[in-house]
Amino acid sequence: MPIFRRVARGLAPFALIALAACGSERQAEPETKADPILWEVVDDAGAVEGWLFGTIHALPDGVSWRTPLLEKTIEQADLLVVEVAGLDNGSELTDIFVSLAFDDPPGPLAERIDPALRSQYETLLTKAKVRSDHFDAMESWAAALTLAQVAQTSKSENGVDRALIGDFEGREIVEIEGGERQLGIFDTLPEAEQRDLLNAIIAETREYDDDMGRLARTWSEGDGEALAKLTREGILADPELYEALLAGRNRAWTAQLENLFSTQSKPLIAVGAGHMFGPDGLPAMLEARGFTVRRIQ
């Protein structure tokens with residue numbers, strides 16, 4: 001199977017917190033205890049409307065993130081809201097990726113990369129075990145996401161979203177975005193922004209050997225301040241990418257969530273942790289619409 005087909009199975013959802021740090025982590029020791037952040041959403045009368053849970057889409061083996069409070073929340077929730085519901089349907093996600101990734105590649109990939117990053121690009125090619133022209137047929141955004149997956153050592157099968165979808169088998173699961181729409185956001189970026197994405201991802205892979213555990217540790221420790229900082233670093237330090245990949249998506253999601261909160265159901269909203277912080281995070285946007293959002297874990 002070609003490399004793009006192998007790695008595409010782990011591309012969706014491409015967590016925005018992973019976009020800040022590209023999601024590459026050192027293998028954790030067995031039974032690493034995590035205490036990820038959970039919020040409750042309360043209406044103006046003080047009644048709980050639902051919960052927000054910032055997830056991570058890939059983890060090393062051995063991370064135990066199911067706290068008693070989270071388990072209780074999973075039991076209480078009437079439905080689950082996720083970015084992409086069909087994470088186990090690898091063929092469908094691969095087909096979506098392939099249908100978008102090869103429309104109009106603008107020349108050899110090496111010529112789209114900052115010359116200062118060519119050496120790191122060659123390192124990634126070696127790791128992927130492919131020829132130097134292997135990614136030339138891809139659009140810049142698709143090559144960027146694929147190279148990020150090449151560098152990643154965490155496992156998408158350990159992703160929190162995937163586990164929660166299994167927990168809610170037999171209950172309603174709402175897909176807030178979907179694989180095609182999510183990848184379509186990348187596909188419609190202007191070429192200049194696609195190249196910014198490509199170069200930023202390649203640049204960040206140089207740091208993996210030195211600090212591959214940063215993202216997983218920060219998420220596991222429930223360090224909201226550090227996670228908030230990650231949402232303005234790396235790829236998301238670019239204003240246009242920040243708007244397209246985080247702020248704009250959060251505005252669209254907030255409108256959907258407000259409608260969902262108007263029903264009798266109490267949802268557990270489990271999306272990438274990067275969507276939860278700062279003035280453009282989901283808690284801040286929901287509070288601007290009259291809800292109270294408070295951290296409970």
# chains A, B, ... in the order shown; residues from 1 in each chain; ligands from 1
>>> select_by_dssp(residues="region 58-295 of chain A", states="strand (DSSP E)", output="list in words")
Val63, Ser64, Leu79, Leu80, Val81, Val82, Glu172, Ile173, Val174, Glu175, Pro267, Leu268, Ile269, Ala270, Val271, Gly272, Thr292, Val293, Arg294 and Arg295 of chain A
>>> closest_atom_pairs(of="region 190-231 of chain A", to="region 92-110 of chain A", cutoff="10 Å", atoms="only C-alpha atoms", output="Markdown table")
| residue | atom | partner | partner_atom | distance |
| --- | --- | --- | --- | --- |
| A:Glu191 | CA | A:Pro106 | CA | 8.7 |
| A:Arg195 | CA | A:Leu109 | CA | 9.8 |
| A:Leu198 | CA | A:Leu109 | CA | 9.7 |
>>> closest_atom_pairs(of="region 110-129 of chain A", to="region 134-147 of chain A", cutoff="12 Å", atoms="only C-alpha atoms", output="Markdown table")
| residue | atom | partner | partner_atom | distance |
| --- | --- | --- | --- | --- |
| A:Ala110 | CA | A:Asp136 | CA | 7.9 |
| A:Glu111 | CA | A:Asp136 | CA | 9.5 |
| A:Arg112 | CA | A:Ser140 | CA | 7.8 |
| A:Ile113 | CA | A:Ser140 | CA | 9.4 |
| A:Gln120 | CA | A:Leu147 | CA | 10.8 |
| A:Tyr121 | CA | A:Leu147 | CA | 8.6 |
| A:Glu122 | CA | A:Leu147 | CA | 11.0 |
| A:Thr123 | CA | A:Leu147 | CA | 10.6 |
| A:Leu124 | CA | A:Leu147 | CA | 7.0 |
| A:Leu125 | CA | A:Leu147 | CA | 8.5 |
| A:Thr126 | CA | A:Leu147 | CA | 11.3 |
| A:Lys127 | CA | A:Leu147 | CA | 9.8 |
| A:Ala128 | CA | A:Leu147 | CA | 8.4 |
| A:Lys129 | CA | A:His134 | CA | 9.8 |
>>> closest_residue(among="A:Glu169, A:Asp280, A:Asp161, A:Asp238", to="Leu87 (chain A)", atoms="only C-alpha atoms")
A:Asp161
>>> residues_around(residues="region 221-227 of chain A", least_positions_apart="2", cutoff="8 Å", atoms="only C-alpha atoms", output="PyMOL selection string")
chain A and resi 17+34-37+217-219+229-231+273-274+277
>>> residues_around(residues="Phe291 (chain A)", least_positions_apart="5", cutoff="6 Å", atoms="only C-alpha atoms", output="MDAnalysis selection string")
chainID A and resid 42:43 286
>>> residues_around(residues="region 47-50 of chain A", least_positions_apart="3", cutoff="8 Å", atoms="only C-alpha atoms", output="list in words")
Glu40, Val41, Val42, Asp43, Asp44, Ala77, Phe261, Ser265, Lys266, Pro267, Leu268 and Ile269 of chain A
>>> residues_around(residues="Ala247 (chain A)", least_positions_apart="5", cutoff="9 Å", atoms="only C-alpha atoms", output="list in words")
Tyr242, Ala252, His275, Asp280 and Gly281 of chain A
>>> select_by_dssp(residues="region 29-245 of chain A", states="alpha helix (DSSP H)", output="number ranges by chain")
A: 68-76, 90-101, 118-128, 140-151, 160-167, 179-187, 191-205, 208-211, 214-221, 224-230, 239-242
>>> residues_around(residues="region 73-75 of chain A", least_positions_apart="4", cutoff="12 Å", atoms="only C-alpha atoms", output="number ranges by chain")
A: 38-40, 48, 50-53, 66-69, 79-81, 163-169, 171, 266-270, 296-297
>>> closest_residue(among="A:Val82, A:Ala203, A:Leu197, A:Leu183", to="Ile56 (chain A)", atoms="only C-alpha atoms")
A:Val82
>>> closest_residue(among="A:Leu260, A:Val160, A:Val174, A:Ala116", to="Gly272 (chain A)", atoms="only C-alpha atoms")
A:Val160
>>> closest_residue(among="A:Ala216, A:Val271, A:Val130, A:Leu189", to="Leu59 (chain A)", atoms="only C-alpha atoms")
A:Ala216
>>> closest_residue(among="A:Ile176, A:Ala85, A:Leu117, A:Ala58", to="Gly159 (chain A)", atoms="only C-alpha atoms")
A:Ala58
>>> closest_residue(among="A:Gln182, A:Val150, A:Glu204, A:Thr263", to="Leu246 (chain A)", atoms="only C-alpha atoms")
A:Gln182
>>> atom_distance(atom1="CA of Thr205 (chain A)", atom2="CA of Ile185 (chain A)")
22.5 Å
>>> atom_distance(atom1="CA of Phe186 (chain A)", atom2="CA of His57 (chain A)")
17.7 Å
